[in-house]
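Source file: data-v9.cif. Holds: mmCIF, N, CA and C atoms.
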data_target
loop_
_atom_site.label_atom_id
_atom_site.label_comp_id
_atom_site.auth_asym_id
_atom_site.auth_seq_id
_atom_site.Cartn_x
_atom_site.Cartn_y
_atom_site.Cartn_z
N MET A 1 28.39 -7.94 -17.00
CA MET A 1 27.05 -8.10 -17.50
C MET A 1 26.64 -9.58 -17.39
N TYR A 2 25.37 -9.77 -17.13
CA TYR A 2 24.86 -11.11 -16.93
C TYR A 2 23.73 -11.39 -17.92
N LYS A 3 23.77 -12.56 -18.53
CA LYS A 3 22.65 -12.98 -19.38
C LYS A 3 21.44 -13.19 -18.49
N ILE A 4 20.26 -13.15 -19.10
CA ILE A 4 19.02 -13.27 -18.34
C ILE A 4 18.97 -14.56 -17.52
N SER A 5 19.48 -15.67 -18.08
CA SER A 5 19.45 -16.93 -17.33
C SER A 5 20.36 -16.88 -16.11
N GLU A 6 21.53 -16.27 -16.25
CA GLU A 6 22.44 -16.11 -15.13
C GLU A 6 21.82 -15.20 -14.07
N PHE A 7 21.23 -14.11 -14.55
CA PHE A 7 20.64 -13.12 -13.65
C PHE A 7 19.45 -13.72 -12.91
N ALA A 8 18.66 -14.53 -13.60
CA ALA A 8 17.52 -15.18 -12.96
C ALA A 8 18.00 -16.08 -11.83
N GLU A 9 19.06 -16.83 -12.09
CA GLU A 9 19.60 -17.73 -11.07
C GLU A 9 20.15 -16.94 -9.88
N MET A 10 20.82 -15.83 -10.16
CA MET A 10 21.41 -15.00 -9.10
C MET A 10 20.35 -14.39 -8.19
N THR A 11 19.25 -13.98 -8.79
CA THR A 11 18.23 -13.21 -8.04
C THR A 11 17.09 -14.05 -7.52
N GLY A 12 16.91 -15.25 -8.08
CA GLY A 12 15.77 -16.06 -7.69
C GLY A 12 14.50 -15.69 -8.43
N LEU A 13 14.60 -14.73 -9.34
CA LEU A 13 13.46 -14.36 -10.18
C LEU A 13 13.51 -15.19 -11.46
N SER A 14 12.37 -15.64 -11.92
CA SER A 14 12.35 -16.43 -13.15
C SER A 14 12.62 -15.54 -14.36
N LYS A 15 13.02 -16.17 -15.46
CA LYS A 15 13.23 -15.42 -16.70
C LYS A 15 11.93 -14.75 -17.14
N GLU A 16 10.81 -15.47 -16.95
CA GLU A 16 9.51 -14.92 -17.32
C GLU A 16 9.20 -13.67 -16.49
N THR A 17 9.50 -13.74 -15.20
CA THR A 17 9.27 -12.58 -14.33
C THR A 17 10.14 -11.41 -14.77
N LEU A 18 11.39 -11.67 -15.08
CA LEU A 18 12.28 -10.60 -15.53
C LEU A 18 11.78 -9.98 -16.83
N ARG A 19 11.29 -10.81 -17.73
CA ARG A 19 10.74 -10.27 -18.99
C ARG A 19 9.50 -9.41 -18.71
N TYR A 20 8.67 -9.89 -17.80
CA TYR A 20 7.46 -9.13 -17.46
C TYR A 20 7.84 -7.81 -16.79
N TYR A 21 8.79 -7.86 -15.85
CA TYR A 21 9.22 -6.64 -15.19
C TYR A 21 9.78 -5.63 -16.20
N ALA A 22 10.46 -6.11 -17.22
CA ALA A 22 10.96 -5.22 -18.27
C ALA A 22 9.80 -4.63 -19.07
N GLU A 23 8.81 -5.47 -19.35
CA GLU A 23 7.64 -5.04 -20.12
C GLU A 23 6.88 -3.92 -19.41
N VAL A 24 6.74 -4.02 -18.09
CA VAL A 24 5.99 -3.01 -17.32
C VAL A 24 6.91 -1.91 -16.80
N LYS A 25 8.16 -1.93 -17.24
CA LYS A 25 9.15 -0.89 -16.91
C LYS A 25 9.55 -0.89 -15.43
N LEU A 26 9.47 -2.05 -14.80
CA LEU A 26 9.90 -2.16 -13.41
C LEU A 26 11.40 -2.36 -13.31
N LEU A 27 11.91 -3.25 -14.13
CA LEU A 27 13.35 -3.56 -14.13
C LEU A 27 13.76 -3.90 -15.55
N GLU A 28 14.31 -2.92 -16.21
CA GLU A 28 14.71 -3.12 -17.60
C GLU A 28 16.16 -3.58 -17.66
N PRO A 29 16.48 -4.40 -18.65
CA PRO A 29 17.87 -4.84 -18.80
C PRO A 29 18.79 -3.63 -19.00
N ALA A 30 20.03 -3.78 -18.57
CA ALA A 30 21.01 -2.71 -18.78
C ALA A 30 21.36 -2.58 -20.26
N PHE A 31 21.25 -3.71 -20.97
CA PHE A 31 21.60 -3.71 -22.39
C PHE A 31 20.85 -4.82 -23.09
N ILE A 32 20.36 -4.54 -24.29
CA ILE A 32 19.76 -5.57 -25.15
C ILE A 32 20.57 -5.59 -26.44
N ASP A 33 21.16 -6.73 -26.73
CA ASP A 33 21.98 -6.88 -27.93
C ASP A 33 21.06 -6.80 -29.16
N PRO A 34 21.25 -5.81 -30.01
CA PRO A 34 20.34 -5.65 -31.16
C PRO A 34 20.45 -6.78 -32.19
N THR A 35 21.55 -7.51 -32.18
CA THR A 35 21.70 -8.57 -33.18
C THR A 35 20.92 -9.83 -32.81
N ASN A 36 20.86 -10.15 -31.51
CA ASN A 36 20.17 -11.38 -31.12
C ASN A 36 19.08 -11.15 -30.05
N MET A 37 18.91 -9.90 -29.64
CA MET A 37 17.90 -9.48 -28.65
C MET A 37 18.12 -10.11 -27.27
N TYR A 38 19.33 -10.59 -27.00
CA TYR A 38 19.64 -11.11 -25.67
C TYR A 38 19.62 -9.95 -24.68
N ARG A 39 19.10 -10.24 -23.51
CA ARG A 39 19.02 -9.23 -22.46
C ARG A 39 20.19 -9.42 -21.50
N TYR A 40 20.79 -8.31 -21.11
CA TYR A 40 21.91 -8.35 -20.17
C TYR A 40 21.61 -7.41 -19.00
N TYR A 41 21.98 -7.87 -17.84
CA TYR A 41 21.77 -7.11 -16.61
C TYR A 41 23.12 -6.83 -15.97
N ASP A 42 23.18 -5.75 -15.19
CA ASP A 42 24.43 -5.39 -14.54
C ASP A 42 24.27 -5.43 -13.01
N ASP A 43 25.31 -5.04 -12.30
CA ASP A 43 25.28 -5.10 -10.84
C ASP A 43 24.22 -4.17 -10.25
N GLY A 44 24.01 -3.03 -10.86
CA GLY A 44 22.96 -2.12 -10.39
C GLY A 44 21.58 -2.76 -10.49
N SER A 45 21.38 -3.51 -11.55
CA SER A 45 20.12 -4.23 -11.75
C SER A 45 19.94 -5.28 -10.66
N TYR A 46 21.05 -5.85 -10.21
CA TYR A 46 21.00 -6.91 -9.21
C TYR A 46 20.34 -6.42 -7.92
N PHE A 47 20.76 -5.27 -7.45
CA PHE A 47 20.20 -4.75 -6.19
C PHE A 47 18.74 -4.37 -6.35
N LEU A 48 18.37 -3.84 -7.49
CA LEU A 48 16.96 -3.53 -7.75
C LEU A 48 16.12 -4.81 -7.81
N ALA A 49 16.68 -5.85 -8.41
CA ALA A 49 15.97 -7.13 -8.51
C ALA A 49 15.75 -7.72 -7.12
N LEU A 50 16.75 -7.62 -6.26
CA LEU A 50 16.59 -8.11 -4.88
C LEU A 50 15.52 -7.33 -4.14
N LEU A 51 15.48 -6.03 -4.34
CA LEU A 51 14.44 -5.20 -3.72
C LEU A 51 13.07 -5.62 -4.23
N LEU A 52 12.93 -5.81 -5.52
CA LEU A 52 11.65 -6.22 -6.10
C LEU A 52 11.21 -7.59 -5.56
N ALA A 53 12.15 -8.50 -5.45
CA ALA A 53 11.82 -9.83 -4.92
C ALA A 53 11.33 -9.72 -3.48
N LYS A 54 11.97 -8.86 -2.70
CA LYS A 54 11.57 -8.67 -1.30
C LYS A 54 10.18 -8.02 -1.23
N LEU A 55 9.95 -7.01 -2.06
CA LEU A 55 8.63 -6.36 -2.06
C LEU A 55 7.54 -7.34 -2.45
N ARG A 56 7.83 -8.19 -3.42
CA ARG A 56 6.85 -9.19 -3.84
C ARG A 56 6.53 -10.14 -2.69
N ARG A 57 7.58 -10.53 -1.96
CA ARG A 57 7.39 -11.40 -0.81
C ARG A 57 6.56 -10.72 0.28
N PHE A 58 6.64 -9.41 0.34
CA PHE A 58 5.86 -8.64 1.31
C PHE A 58 4.43 -8.43 0.84
N GLY A 59 4.10 -8.94 -0.34
CA GLY A 59 2.73 -8.84 -0.84
C GLY A 59 2.43 -7.57 -1.62
N PHE A 60 3.46 -6.87 -2.07
CA PHE A 60 3.23 -5.67 -2.86
C PHE A 60 2.67 -6.05 -4.22
N THR A 61 1.75 -5.25 -4.70
CA THR A 61 1.22 -5.44 -6.05
C THR A 61 2.22 -4.86 -7.04
N ILE A 62 2.03 -5.20 -8.30
CA ILE A 62 2.89 -4.64 -9.35
C ILE A 62 2.80 -3.12 -9.33
N GLN A 63 1.59 -2.59 -9.18
CA GLN A 63 1.42 -1.13 -9.17
C GLN A 63 2.16 -0.50 -8.00
N GLU A 64 2.10 -1.13 -6.84
CA GLU A 64 2.83 -0.61 -5.67
C GLU A 64 4.34 -0.65 -5.91
N MET A 65 4.80 -1.72 -6.56
CA MET A 65 6.22 -1.83 -6.85
C MET A 65 6.65 -0.77 -7.86
N ILE A 66 5.81 -0.51 -8.83
CA ILE A 66 6.11 0.56 -9.81
C ILE A 66 6.21 1.90 -9.09
N SER A 67 5.31 2.13 -8.14
CA SER A 67 5.34 3.37 -7.37
C SER A 67 6.65 3.51 -6.60
N VAL A 68 7.08 2.44 -5.98
CA VAL A 68 8.34 2.46 -5.22
C VAL A 68 9.51 2.73 -6.16
N MET A 69 9.55 2.03 -7.28
CA MET A 69 10.68 2.16 -8.19
C MET A 69 10.72 3.52 -8.89
N SER A 70 9.56 4.14 -9.09
CA SER A 70 9.55 5.44 -9.76
C SER A 70 10.01 6.55 -8.81
N ASP A 71 9.92 6.30 -7.51
CA ASP A 71 10.40 7.26 -6.52
C ASP A 71 11.83 6.87 -6.15
N GLU A 72 12.78 7.35 -6.91
CA GLU A 72 14.16 6.90 -6.76
C GLU A 72 14.76 7.20 -5.40
N SER A 73 14.15 8.10 -4.66
CA SER A 73 14.65 8.39 -3.31
C SER A 73 14.14 7.36 -2.31
N PHE A 74 13.15 6.57 -2.73
CA PHE A 74 12.51 5.58 -1.87
C PHE A 74 11.88 6.22 -0.63
N ALA A 75 11.52 7.50 -0.73
CA ALA A 75 10.95 8.22 0.40
C ALA A 75 9.63 7.59 0.86
N ASN A 76 8.86 7.09 -0.09
CA ASN A 76 7.56 6.52 0.27
C ASN A 76 7.63 5.06 0.70
N LEU A 77 8.79 4.44 0.53
CA LEU A 77 8.91 3.02 0.84
C LEU A 77 8.58 2.72 2.29
N GLU A 78 9.10 3.51 3.21
CA GLU A 78 8.82 3.28 4.62
C GLU A 78 7.33 3.39 4.91
N LEU A 79 6.67 4.39 4.34
CA LEU A 79 5.23 4.54 4.54
C LEU A 79 4.46 3.37 3.98
N LEU A 80 4.85 2.92 2.79
CA LEU A 80 4.18 1.77 2.18
C LEU A 80 4.38 0.50 3.00
N LEU A 81 5.59 0.32 3.55
CA LEU A 81 5.85 -0.85 4.38
C LEU A 81 5.05 -0.82 5.67
N ILE A 82 4.93 0.34 6.27
CA ILE A 82 4.14 0.48 7.49
C ILE A 82 2.67 0.17 7.20
N LYS A 83 2.16 0.70 6.09
CA LYS A 83 0.77 0.44 5.69
C LYS A 83 0.57 -1.05 5.41
N LYS A 84 1.52 -1.68 4.72
CA LYS A 84 1.43 -3.10 4.43
C LYS A 84 1.39 -3.91 5.73
N LYS A 85 2.21 -3.51 6.69
CA LYS A 85 2.25 -4.20 7.98
C LYS A 85 0.92 -4.04 8.72
N GLU A 86 0.34 -2.85 8.66
CA GLU A 86 -0.97 -2.62 9.29
C GLU A 86 -2.04 -3.50 8.64
N ASN A 87 -2.00 -3.62 7.32
CA ASN A 87 -2.96 -4.47 6.61
C ASN A 87 -2.80 -5.94 6.99
N ILE A 88 -1.56 -6.36 7.16
CA ILE A 88 -1.31 -7.75 7.58
C ILE A 88 -1.88 -7.98 8.97
N GLN A 89 -1.71 -7.01 9.86
CA GLN A 89 -2.24 -7.13 11.22
C GLN A 89 -3.77 -7.25 11.19
N ILE A 90 -4.41 -6.48 10.35
CA ILE A 90 -5.87 -6.56 10.21
C ILE A 90 -6.28 -7.94 9.70
N GLN A 91 -5.55 -8.46 8.72
CA GLN A 91 -5.84 -9.79 8.18
C GLN A 91 -5.67 -10.86 9.26
N ILE A 92 -4.65 -10.72 10.09
CA ILE A 92 -4.42 -11.68 11.18
C ILE A 92 -5.60 -11.66 12.14
N GLU A 93 -6.06 -10.47 12.49
CA GLU A 93 -7.20 -10.35 13.40
C GLU A 93 -8.46 -10.96 12.79
N GLU A 94 -8.68 -10.71 11.51
CA GLU A 94 -9.84 -11.29 10.83
C GLU A 94 -9.76 -12.81 10.79
N LEU A 95 -8.58 -13.35 10.57
CA LEU A 95 -8.40 -14.80 10.55
C LEU A 95 -8.64 -15.40 11.94
N HIS A 96 -8.20 -14.70 12.98
CA HIS A 96 -8.46 -15.17 14.35
C HIS A 96 -9.96 -15.21 14.62
N LEU A 97 -10.69 -14.21 14.16
CA LEU A 97 -12.14 -14.20 14.32
C LEU A 97 -12.78 -15.36 13.57
N GLN A 98 -12.30 -15.64 12.37
CA GLN A 98 -12.82 -16.77 11.60
C GLN A 98 -12.57 -18.08 12.34
N MET A 99 -11.38 -18.22 12.93
CA MET A 99 -11.07 -19.43 13.68
C MET A 99 -12.00 -19.58 14.88
N GLU A 100 -12.28 -18.49 15.56
CA GLU A 100 -13.21 -18.53 16.69
C GLU A 100 -14.61 -18.93 16.24
N GLU A 101 -15.04 -18.39 15.10
CA GLU A 101 -16.35 -18.75 14.56
C GLU A 101 -16.41 -20.24 14.23
N ILE A 102 -15.36 -20.77 13.65
CA ILE A 102 -15.32 -22.20 13.33
C ILE A 102 -15.37 -23.03 14.61
N ASP A 103 -14.58 -22.62 15.60
CA ASP A 103 -14.60 -23.33 16.88
C ASP A 103 -15.99 -23.32 17.51
N ASN A 104 -16.64 -22.17 17.48
CA ASN A 104 -17.99 -22.04 18.04
C ASN A 104 -18.99 -22.91 17.27
N PHE A 105 -18.85 -22.92 15.96
CA PHE A 105 -19.74 -23.73 15.12
C PHE A 105 -19.54 -25.22 15.43
N LEU A 106 -18.29 -25.64 15.52
CA LEU A 106 -18.00 -27.03 15.85
C LEU A 106 -18.54 -27.39 17.24
N ALA A 107 -18.35 -26.49 18.18
CA ALA A 107 -18.82 -26.73 19.55
C ALA A 107 -20.34 -26.84 19.59
N SER A 108 -21.04 -26.01 18.82
CA SER A 108 -22.50 -26.06 18.82
C SER A 108 -22.98 -27.37 18.19
N GLY A 109 -22.27 -27.91 17.22
CA GLY A 109 -22.62 -29.17 16.59
C GLY A 109 -22.43 -30.33 17.56
N ARG A 110 -21.41 -30.25 18.39
CA ARG A 110 -21.17 -31.30 19.37
C ARG A 110 -22.23 -31.30 20.47
N GLU A 111 -22.67 -30.08 20.84
CA GLU A 111 -23.70 -29.96 21.88
C GLU A 111 -25.01 -30.57 21.42
N GLU A 112 -25.34 -30.42 20.14
CA GLU A 112 -26.59 -30.99 19.61
C GLU A 112 -26.54 -32.50 19.58
N GLU A 113 -25.36 -33.08 19.42
CA GLU A 113 -25.23 -34.54 19.37
C GLU A 113 -25.46 -35.15 20.74
N GLU A 114 -25.19 -34.43 21.80
CA GLU A 114 -25.31 -34.99 23.17
C GLU A 114 -26.70 -35.03 23.67
#

Once more with this new file: its structure as structure tokens, please.
Amino acid sequence: MYKISEFAEMTGLSKETLRYYAEVKLLEPAFIDPTNMYRYYDDGSYFLALLLAKLRRFGFTIQEMISVMSDESFANLELLLIKKKENIQIQIEELHLQMEEIDNFLASGREEEE
């Protein structure tokens, strides 16, 4: 069992994030000592925490992460990842269009100066 500070260091998640994840039922401690309310995590929690950290890095919302974690078979995870990837591709295309618009705007400003 790992204290919350040890677990935070192991997973790269802050203590505040771990407390929040417990509050929203995303990742609850394996044990809470009733005498001092210390939170303890186990090895099973470790792998779930790594998954949550990865999903967060992929831009998943808390609600999406709750959906993934509630489906213990992770059957929907692949579909969610594919959808997330498609959304990222759309954002990339939109950003490229914005860059082109900026370039065109800058070019038109230079033409007026000449």

What do you get, as an NGL selection string, if you spell out every residue that the PyMOL selection byres (((chain A and resi 60 and name CA) around 12) and name CA) selects here? :A and (51-59 or 61-68 or 77 or 80-81 or 83-85 or 87-88)

For atom C of A:Ser108 and atom C of A:Gln89, determine how far apart the two atoms are, in Å to one decimal place. 28.7 Å

Using only C-alpha atoms, list the residues that have an atom at most 12 Å from (16.3, -4.5, -5.9), coordinates as in the file, as a tab-separated table (two decimals) with N, CA and C atoms, keeping the file's coordinate frame.
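Now in point02.tsv:
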chain	number	residue	atom	x	y	z
A	11	THR	N	19.25	-13.98	-8.79
A	11	THR	CA	18.23	-13.21	-8.04
A	11	THR	C	17.09	-14.05	-7.52
A	12	GLY	N	16.91	-15.25	-8.08
A	12	GLY	CA	15.77	-16.06	-7.69
A	12	GLY	C	14.50	-15.69	-8.43
A	13	LEU	N	14.60	-14.73	-9.34
A	13	LEU	CA	13.46	-14.36	-10.18
A	13	LEU	C	13.51	-15.19	-11.46
A	21	TYR	N	8.79	-7.86	-15.85
A	21	TYR	CA	9.22	-6.64	-15.19
A	21	TYR	C	9.78	-5.63	-16.20
A	26	LEU	N	9.47	-2.05	-14.80
A	26	LEU	CA	9.90	-2.16	-13.41
A	26	LEU	C	11.40	-2.36	-13.31
A	27	LEU	N	11.91	-3.25	-14.13
A	27	LEU	CA	13.35	-3.56	-14.13
A	27	LEU	C	13.76	-3.90	-15.55
A	28	GLU	N	14.31	-2.92	-16.21
A	28	GLU	CA	14.71	-3.12	-17.60
A	28	GLU	C	16.16	-3.58	-17.66
A	42	ASP	N	23.18	-5.75	-15.19
A	42	ASP	CA	24.43	-5.39	-14.54
A	42	ASP	C	24.27	-5.43	-13.01
A	43	ASP	N	25.31	-5.04	-12.30
A	43	ASP	CA	25.28	-5.10	-10.84
A	43	ASP	C	24.22	-4.17	-10.25
A	44	GLY	N	24.01	-3.03	-10.86
A	44	GLY	CA	22.96	-2.12	-10.39
A	44	GLY	C	21.58	-2.76	-10.49
A	45	SER	N	21.38	-3.51	-11.55
A	45	SER	CA	20.12	-4.23	-11.75
A	45	SER	C	19.94	-5.28	-10.66
A	46	TYR	N	21.05	-5.85	-10.21
A	46	TYR	CA	21.00	-6.91	-9.21
A	46	TYR	C	20.34	-6.42	-7.92
A	47	PHE	N	20.76	-5.27	-7.45
A	47	PHE	CA	20.20	-4.75	-6.19
A	47	PHE	C	18.74	-4.37	-6.35
A	48	LEU	N	18.37	-3.84	-7.49
A	48	LEU	CA	16.96	-3.53	-7.75
A	48	LEU	C	16.12	-4.81	-7.81
A	49	ALA	N	16.68	-5.85	-8.41
A	49	ALA	CA	15.97	-7.13	-8.51
A	49	ALA	C	15.75	-7.72	-7.12
A	50	LEU	N	16.75	-7.62	-6.26
A	50	LEU	CA	16.59	-8.11	-4.88
A	50	LEU	C	15.52	-7.33	-4.14
A	51	LEU	N	15.48	-6.03	-4.34
A	51	LEU	CA	14.44	-5.20	-3.72
A	51	LEU	C	13.07	-5.62	-4.23
A	52	LEU	N	12.93	-5.81	-5.52
A	52	LEU	CA	11.65	-6.22	-6.10
A	52	LEU	C	11.21	-7.59	-5.56
A	53	ALA	N	12.15	-8.50	-5.45
A	53	ALA	CA	11.82	-9.83	-4.92
A	53	ALA	C	11.33	-9.72	-3.48
A	54	LYS	N	11.97	-8.86	-2.70
A	54	LYS	CA	11.57	-8.67	-1.30
A	54	LYS	C	10.18	-8.02	-1.23
A	55	LEU	N	9.95	-7.01	-2.06
A	55	LEU	CA	8.63	-6.36	-2.06
A	55	LEU	C	7.54	-7.34	-2.45
A	56	ARG	N	7.83	-8.19	-3.42
A	56	ARG	CA	6.85	-9.19	-3.84
A	56	ARG	C	6.53	-10.14	-2.69
A	65	MET	N	4.80	-1.72	-6.56
A	65	MET	CA	6.22	-1.83	-6.85
A	65	MET	C	6.65	-0.77	-7.86
A	68	VAL	N	7.08	2.44	-5.98
A	68	VAL	CA	8.34	2.46	-5.22
A	68	VAL	C	9.51	2.73	-6.16
A	69	MET	N	9.55	2.03	-7.28
A	69	MET	CA	10.68	2.16	-8.19
A	69	MET	C	10.72	3.52	-8.89
A	72	GLU	N	12.78	7.35	-6.91
A	72	GLU	CA	14.16	6.90	-6.76
A	72	GLU	C	14.76	7.20	-5.40
A	74	PHE	N	13.15	6.57	-2.73
A	74	PHE	CA	12.51	5.58	-1.87
A	74	PHE	C	11.88	6.22	-0.63

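Counting from atom CA of A:Pro29, the distance to atom CA of A:Ile4 is 8.5 Å.
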
Please determine, counting only C-alpha atoms, which residue among A:Gln98, A:Asn36, A:Asn76, A:Ser5 has the shortest atom-to-atom distance to A:Leu18.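 Closest to A:Leu18 of all the choices is A:Ser5.
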
Around all listed atoms of stretch 83-101 of chain A, padded 4 Å per side, what centre and edge lengths does the axis-aligned box have in Å to one decimal, as JSON?
{"center_x": -7.1, "center_y": -9.8, "center_z": 10.6, "size_x": 26.7, "size_y": 28.9, "size_z": 20.3}

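Applied to this file, the PyMOL selection byres ((chain A and resi 2) around 6) selects the residues Met1, Lys3, Ile4, Glu6, Phe7, Arg39, Tyr40, Tyr41 and Asp42 of chain A.
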
Generate the missing atoms of stretch 69-90 of chain A up to N, CA, C and O atoms and report them as a PDB file, in the frame of the given file.
ATOM      1  N   MET A  69       9.550   2.030  -7.280  1.00  0.00           N
ATOM      2  CA  MET A  69      10.680   2.160  -8.190  1.00  0.00           C
ATOM      3  C   MET A  69      10.720   3.520  -8.890  1.00  0.00           C
ATOM      4  O   MET A  69      11.799   4.000  -9.227  1.00  0.00           O
ATOM      5  N   SER A  70       9.560   4.140  -9.090  1.00  0.00           N
ATOM      6  CA  SER A  70       9.550   5.440  -9.760  1.00  0.00           C
ATOM      7  C   SER A  70      10.010   6.550  -8.810  1.00  0.00           C
ATOM      8  O   SER A  70      10.457   7.596  -9.246  1.00  0.00           O
ATOM      9  N   ASP A  71       9.920   6.300  -7.510  1.00  0.00           N
ATOM     10  CA  ASP A  71      10.400   7.260  -6.520  1.00  0.00           C
ATOM     11  C   ASP A  71      11.830   6.870  -6.150  1.00  0.00           C
ATOM     12  O   ASP A  71      12.058   6.138  -5.205  1.00  0.00           O
ATOM     13  N   GLU A  72      12.780   7.350  -6.910  1.00  0.00           N
ATOM     14  CA  GLU A  72      14.160   6.900  -6.760  1.00  0.00           C
ATOM     15  C   GLU A  72      14.760   7.200  -5.400  1.00  0.00           C
ATOM     16  O   GLU A  72      15.754   6.612  -5.009  1.00  0.00           O
ATOM     17  N   SER A  73      14.150   8.100  -4.660  1.00  0.00           N
ATOM     18  CA  SER A  73      14.650   8.390  -3.310  1.00  0.00           C
ATOM     19  C   SER A  73      14.140   7.360  -2.310  1.00  0.00           C
ATOM     20  O   SER A  73      14.606   7.285  -1.188  1.00  0.00           O
ATOM     21  N   PHE A  74      13.150   6.570  -2.730  1.00  0.00           N
ATOM     22  CA  PHE A  74      12.510   5.580  -1.870  1.00  0.00           C
ATOM     23  C   PHE A  74      11.880   6.220  -0.630  1.00  0.00           C
ATOM     24  O   PHE A  74      11.723   5.573   0.397  1.00  0.00           O
ATOM     25  N   ALA A  75      11.520   7.500  -0.730  1.00  0.00           N
ATOM     26  CA  ALA A  75      10.950   8.220   0.400  1.00  0.00           C
ATOM     27  C   ALA A  75       9.630   7.590   0.860  1.00  0.00           C
ATOM     28  O   ALA A  75       9.330   7.574   2.054  1.00  0.00           O
ATOM     29  N   ASN A  76       8.860   7.090  -0.090  1.00  0.00           N
ATOM     30  CA  ASN A  76       7.560   6.520   0.270  1.00  0.00           C
ATOM     31  C   ASN A  76       7.630   5.060   0.700  1.00  0.00           C
ATOM     32  O   ASN A  76       6.650   4.506   1.173  1.00  0.00           O
ATOM     33  N   LEU A  77       8.790   4.440   0.530  1.00  0.00           N
ATOM     34  CA  LEU A  77       8.910   3.020   0.840  1.00  0.00           C
ATOM     35  C   LEU A  77       8.580   2.720   2.290  1.00  0.00           C
ATOM     36  O   LEU A  77       7.829   1.786   2.583  1.00  0.00           O
ATOM     37  N   GLU A  78       9.100   3.510   3.210  1.00  0.00           N
ATOM     38  CA  GLU A  78       8.820   3.280   4.620  1.00  0.00           C
ATOM     39  C   GLU A  78       7.330   3.390   4.910  1.00  0.00           C
ATOM     40  O   GLU A  78       6.761   2.543   5.601  1.00  0.00           O
ATOM     41  N   LEU A  79       6.670   4.390   4.340  1.00  0.00           N
ATOM     42  CA  LEU A  79       5.230   4.540   4.540  1.00  0.00           C
ATOM     43  C   LEU A  79       4.460   3.370   3.980  1.00  0.00           C
ATOM     44  O   LEU A  79       3.516   2.870   4.606  1.00  0.00           O
ATOM     45  N   LEU A  80       4.850   2.920   2.790  1.00  0.00           N
ATOM     46  CA  LEU A  80       4.180   1.770   2.180  1.00  0.00           C
ATOM     47  C   LEU A  80       4.380   0.500   3.000  1.00  0.00           C
ATOM     48  O   LEU A  80       3.459  -0.297   3.161  1.00  0.00           O
ATOM     49  N   LEU A  81       5.590   0.320   3.550  1.00  0.00           N
ATOM     50  CA  LEU A  81       5.850  -0.850   4.380  1.00  0.00           C
ATOM     51  C   LEU A  81       5.050  -0.820   5.670  1.00  0.00           C
ATOM     52  O   LEU A  81       4.518  -1.840   6.106  1.00  0.00           O
ATOM     53  N   ILE A  82       4.930   0.340   6.270  1.00  0.00           N
ATOM     54  CA  ILE A  82       4.140   0.480   7.490  1.00  0.00           C
ATOM     55  C   ILE A  82       2.670   0.170   7.200  1.00  0.00           C
ATOM     56  O   ILE A  82       2.012  -0.554   7.939  1.00  0.00           O
ATOM     57  N   LYS A  83       2.160   0.700   6.090  1.00  0.00           N
ATOM     58  CA  LYS A  83       0.770   0.440   5.690  1.00  0.00           C
ATOM     59  C   LYS A  83       0.570  -1.050   5.410  1.00  0.00           C
ATOM     60  O   LYS A  83      -0.444  -1.634   5.806  1.00  0.00           O
ATOM     61  N   LYS A  84       1.520  -1.680   4.720  1.00  0.00           N
ATOM     62  CA  LYS A  84       1.430  -3.100   4.430  1.00  0.00           C
ATOM     63  C   LYS A  84       1.390  -3.910   5.730  1.00  0.00           C
ATOM     64  O   LYS A  84       0.610  -4.840   5.867  1.00  0.00           O
ATOM     65  N   LYS A  85       2.210  -3.510   6.690  1.00  0.00           N
ATOM     66  CA  LYS A  85       2.250  -4.200   7.980  1.00  0.00           C
ATOM     67  C   LYS A  85       0.920  -4.040   8.720  1.00  0.00           C
ATOM     68  O   LYS A  85       0.413  -5.006   9.308  1.00  0.00           O
ATOM     69  N   GLU A  86       0.340  -2.850   8.660  1.00  0.00           N
ATOM     70  CA  GLU A  86      -0.970  -2.620   9.290  1.00  0.00           C
ATOM     71  C   GLU A  86      -2.040  -3.500   8.640  1.00  0.00           C
ATOM     72  O   GLU A  86      -2.881  -4.079   9.331  1.00  0.00           O
ATOM     73  N   ASN A  87      -2.000  -3.620   7.320  1.00  0.00           N
ATOM     74  CA  ASN A  87      -2.960  -4.470   6.610  1.00  0.00           C
ATOM     75  C   ASN A  87      -2.800  -5.940   6.990  1.00  0.00           C
ATOM     76  O   ASN A  87      -3.791  -6.656   7.134  1.00  0.00           O
ATOM     77  N   ILE A  88      -1.560  -6.360   7.160  1.00  0.00           N
ATOM     78  CA  ILE A  88      -1.310  -7.750   7.580  1.00  0.00           C
ATOM     79  C   ILE A  88      -1.880  -7.980   8.970  1.00  0.00           C
ATOM     80  O   ILE A  88      -2.499  -9.013   9.237  1.00  0.00           O
ATOM     81  N   GLN A  89      -1.710  -7.010   9.860  1.00  0.00           N
ATOM     82  CA  GLN A  89      -2.240  -7.130  11.220  1.00  0.00           C
ATOM     83  C   GLN A  89      -3.770  -7.250  11.190  1.00  0.00           C
ATOM     84  O   GLN A  89      -4.346  -8.065  11.911  1.00  0.00           O
ATOM     85  N   ILE A  90      -4.410  -6.480  10.350  1.00  0.00           N
ATOM     86  CA  ILE A  90      -5.870  -6.560  10.210  1.00  0.00           C
ATOM     87  C   ILE A  90      -6.280  -7.940   9.700  1.00  0.00           C
ATOM     88  O   ILE A  90      -7.231  -8.540  10.205  1.00  0.00           O
TER      89      ILE A  90
END
